[in-house]
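Reviewing the structure listed below.
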Amino acid sequence: MSPRAGHPGPPSRTLAFVESPVQLLNVLEWARPHGLRGGEPDERAGAGTGAGPGPASAADAAAVPDPHRPSAPDRPPVAEPLPSVPAQVRRTAAGGPTPADAGLTVVVLSPTDPMTRGQLRRMADLARDEGHRVRWEEARGGATAPFATIGGLAGLLRRADRVVMGDPFSRYVQLLLTITRARDLVVVDDGTATMEFVAQLARGERLVRWHRKGGRPGPRDLLFAPVSSSARRRLTPGDRRRVEVFSSMPVTEVPDGVTVTANDFAWTRARFGPPRITKGADMVGTSLVETGVVDGERYLDAVRTLAKAHGATRYFAHRRESTEKLHRLATETGLEIVRPDLPLELIARRGPIGRTILSFPSTVVHTLPLALAGTGVRVAVCDIDPAWLTDHASPRAQGFLSGVTGTARDVHRLTRVSPA
């Protein structure tokens with residue numbers, strides 16, 4: 001048996017491809033109403049074997065510090081991750097084993113970023129606790145990794161009846177779509193990008209992330225254009241293909257034949273909480289500086305002003321925020337920086353969490369009100385001032401970010417911050 005094949009036995013007929021913890025969370029939300037269970041939830045071979053993530057690497061361990069380790073004197077005051085998933089006995093699906101073709105195999109196309117990898121490992125454990133099979137692929141582990149990954153998945157893809165994906169903009173996912181014969185394709189939320197994906201599909205446009213739209217295609221974009229076009233055609237429903245979008249985001253332009261199903265975070269609410277609510281305010285970070293949309297100095301000033309105005313004491317960092325930026329935020333604002341080891345929806349649901357959560361336009365202004373429904377927590381959002389945008393931000397950036405805020409339900413809109 002090939003070392004990449006995991007344990008023997010019939011494969012699941014539903015494959016889910018994820019590259020971030022939020023995508024894996026939303027796969028679990030989607031799987032709940034479908035009653036999907038995996039046939040072999042305890043597959044745990046090492047990274048690259050195709051079965052599970054195995055022991056964490058040194059980089060992964062560094063991303064999630066030991067809570068008992070004292071802080072070095074020159075280390076910025078960055079809080080250790082909050083406790084997330086308590087140790088628990090592996091559960092089996094109620095009612096006994098399910099046929100393999102009714103199960104779900106989650107394929108993690110592992111990124112290189114240590115914080116993302118750390119959160120993905122914890123989400124993979126949760127997926128196994130729900131009875132799903134997890135196959136961890138070191139998809140970016142060197143020049144030959146993509147060939148090994150795609151070659152190892154080709155057989156599963158050809159046999160799959162249904163493919164679930166978290167990021168239709170991903171070149172990896174688009175390549176995998178050229179192999180599958182699945183009649184059912186499902187796109188689960190990857191945050192605000194889902195809104196843009198559905199709109200582009202409805203308009204027949206090429207699939208481009210919103211913060212890159214408006215720029216000239218680079219050489220790699222031109223080289224990959226035929227694959228991207230093929231993926232867009234496969235994601236267009238027809239007589240032999242059904243397409244579903246599972247989303248908590250507002251979807252206004254629905255392509256003909258696409259089914260949109262609401263994600264209300266029922267699994268999260270059933271699995272975690274209710275949280276303990278503190279009297280203060282917490283702030284949610286964003287990676288808009290790292291993606292080149294917002295100027296770093298303007299962002300720091302805005303965070304400082306917003307935290308002072310609302311008495312915020314903690315800053316929940318986005319997993320892609322740079323260490324340097326977080327160091328400055330901690331030093332210059334006095335905020336306690338928390339790097340969660342799970343998606344914020346789960347951290348907030350478990351608590352403790354502030355009675356008010358402050359955010360700039362991002363996915364959480366749509367998801368947190370759903371995850372925290374009935375708890376009394378207020379989510380407040382502050383718009384991005386056009387003056388904060390960088391010179392090379394996409395021409396669509398301001399309109400898109402305003403749309404993220406304007407379409408959010410059950411949130412309080414704050415007066416735009418004017419940094420001192």
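Chain labels run A, B, ... following the order of the structure tokens; each chain numbers its residues from 1, and ligands are numbered from 1 in the order shown.
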
Give me the segment 258-339 of chain A side of the contact with segment 173-190 of chain A, cut-off 10 Å, one line per residue showing its nearest atom pair and distance in Å at one decimal, counting only C-alpha atoms, sorted by chain and residue number, as JSON lines.
{"residue": "A:Val258", "atom": "CA", "partner": "A:Val186", "partner_atom": "CA", "distance": 9.8}
{"residue": "A:Thr259", "atom": "CA", "partner": "A:Val186", "partner_atom": "CA", "distance": 9.3}
{"residue": "A:Val260", "atom": "CA", "partner": "A:Val187", "partner_atom": "CA", "distance": 9.6}
{"residue": "A:Thr261", "atom": "CA", "partner": "A:Val188", "partner_atom": "CA", "distance": 9.5}
{"residue": "A:Asn263", "atom": "CA", "partner": "A:Asp189", "partner_atom": "CA", "distance": 8.5}

| request: Name all residues at most 9 Å from segment 400-406 of chain A (count only C-alpha atoms; drop same-chain ones fewer than 5 positions away) and give them as a ChimeraX atom specification. | output: /A:192,195-196,210-211,249-250,360-363,365-366,381-384,411,413

| task | Name the closest residue to Val134 of chain A among the candidates A:Ala16, A:Leu36, A:Leu235, A:Ala148; distances are taken between atoms, counting only C-alpha atoms. | result | A:Ala16

| field | Selected residue of minimal separation from Glu137 of chain A among A:Thr286, A:Gln119, A:Thr407, A:Thr112, counting only C-alpha atoms | value | A:Thr112

| query | Tell me, which residues of segment 183-285 of chain A carry DSSP strand (DSSP E or B), written as number ranges by chain? | reply | A: 184-188, 190, 192, 238, 241-247, 258-262, 277-284

| For atom CA of Gly151 of chain A and atom CA of Leu201 of chain A, the interatomic separation in Å (one decimal) |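 Computed distance, atom CA of Gly151 of chain A to atom CA of Leu201 of chain A, equals 28.3 Å.
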
Considering only C-alpha atoms, return as a PDB file with N, CA and C atoms, in the first residue's frame whatever protein or nucleic-acid residues lie within 12 Å of Gly141 of chain A, sequence-local ones (same chain, fewer than 5 positions apart) excluded.
ATOM      1  N   ALA A  47       2.384  14.117   8.381  1.00  0.00           N
ATOM      2  CA  ALA A  47       2.186  15.047   7.286  1.00  0.00           C
ATOM      3  C   ALA A  47       2.785  14.479   6.018  1.00  0.00           C
ATOM      4  N   GLY A  48       2.002  14.570   4.948  1.00  0.00           N
ATOM      5  CA  GLY A  48       2.453  14.071   3.662  1.00  0.00           C
ATOM      6  C   GLY A  48       2.017  12.641   3.413  1.00  0.00           C
ATOM      7  N   LEU A 109      -5.182  21.373   2.427  1.00  0.00           N
ATOM      8  CA  LEU A 109      -4.068  21.791   1.565  1.00  0.00           C
ATOM      9  C   LEU A 109      -3.257  22.795   2.372  1.00  0.00           C
ATOM     10  N   SER A 110      -2.342  22.267   3.161  1.00  0.00           N
ATOM     11  CA  SER A 110      -1.714  23.058   4.211  1.00  0.00           C
ATOM     12  C   SER A 110      -0.916  24.235   3.676  1.00  0.00           C
ATOM     13  N   PRO A 111      -1.135  25.430   4.235  1.00  0.00           N
ATOM     14  CA  PRO A 111      -0.311  26.592   3.891  1.00  0.00           C
ATOM     15  C   PRO A 111       0.998  26.547   4.669  1.00  0.00           C
ATOM     16  N   THR A 112       1.834  27.542   4.451  1.00  0.00           N
ATOM     17  CA  THR A 112       3.123  27.597   5.138  1.00  0.00           C
ATOM     18  C   THR A 112       3.091  28.499   6.364  1.00  0.00           C
ATOM     19  N   ASP A 113       2.135  29.413   6.442  1.00  0.00           N
ATOM     20  CA  ASP A 113       2.070  30.346   7.563  1.00  0.00           C
ATOM     21  C   ASP A 113       1.865  29.601   8.877  1.00  0.00           C
ATOM     22  N   TRP A 136      -4.267  15.302   5.630  1.00  0.00           N
ATOM     23  CA  TRP A 136      -3.413  16.491   5.677  1.00  0.00           C
ATOM     24  C   TRP A 136      -2.372  16.403   4.568  1.00  0.00           C
ATOM     25  N   PRO A 146       3.363  20.204  -5.121  1.00  0.00           N
ATOM     26  CA  PRO A 146       2.094  20.255  -5.865  1.00  0.00           C
ATOM     27  C   PRO A 146       1.867  19.025  -6.741  1.00  0.00           C
ATOM     28  N   PHE A 147       2.918  18.512  -7.365  1.00  0.00           N
ATOM     29  CA  PHE A 147       2.763  17.344  -8.231  1.00  0.00           C
ATOM     30  C   PHE A 147       2.388  16.115  -7.390  1.00  0.00           C
ATOM     31  N   ALA A 148       3.067  15.955  -6.240  1.00  0.00           N
ATOM     32  CA  ALA A 148       2.751  14.818  -5.378  1.00  0.00           C
ATOM     33  C   ALA A 148       1.339  14.924  -4.822  1.00  0.00           C
ATOM     34  N   THR A 149       0.935  16.132  -4.440  1.00  0.00           N
ATOM     35  CA  THR A 149      -0.397  16.330  -3.871  1.00  0.00           C
ATOM     36  C   THR A 149      -1.479  16.031  -4.899  1.00  0.00           C
TER      37      THR A 149
END

| How far is it from atom CA of Phe272 of chain A to atom CA of Glu130 of chain A, in Å with one decimal? | 13.4 Å

Per residue of segment 180-282 of chain A within 6 Å of segment 346-356 of chain A, record the nearest atom pair and its distance in Å to one decimal, counting only C-alpha atoms, with rows in chain order and ascending residue number, as JSON lines.
{"residue": "A:Phe272", "atom": "CA", "partner": "A:Arg350", "partner_atom": "CA", "distance": 5.6}
{"residue": "A:Gly273", "atom": "CA", "partner": "A:Arg350", "partner_atom": "CA", "distance": 4.7}
{"residue": "A:Pro275", "atom": "CA", "partner": "A:Gly351", "partner_atom": "CA", "distance": 4.3}
{"residue": "A:Arg276", "atom": "CA", "partner": "A:Pro352", "partner_atom": "CA", "distance": 4.7}
{"residue": "A:Ile277", "atom": "CA", "partner": "A:Ile353", "partner_atom": "CA", "distance": 5.2}
{"residue": "A:Thr278", "atom": "CA", "partner": "A:Gly354", "partner_atom": "CA", "distance": 4.8}
{"residue": "A:Lys279", "atom": "CA", "partner": "A:Arg355", "partner_atom": "CA", "distance": 5.6}
{"residue": "A:Gly280", "atom": "CA", "partner": "A:Gly354", "partner_atom": "CA", "distance": 5.1}
{"residue": "A:Ala281", "atom": "CA", "partner": "A:Thr356", "partner_atom": "CA", "distance": 4.7}
{"residue": "A:Asp282", "atom": "CA", "partner": "A:Gly354", "partner_atom": "CA", "distance": 5.3}
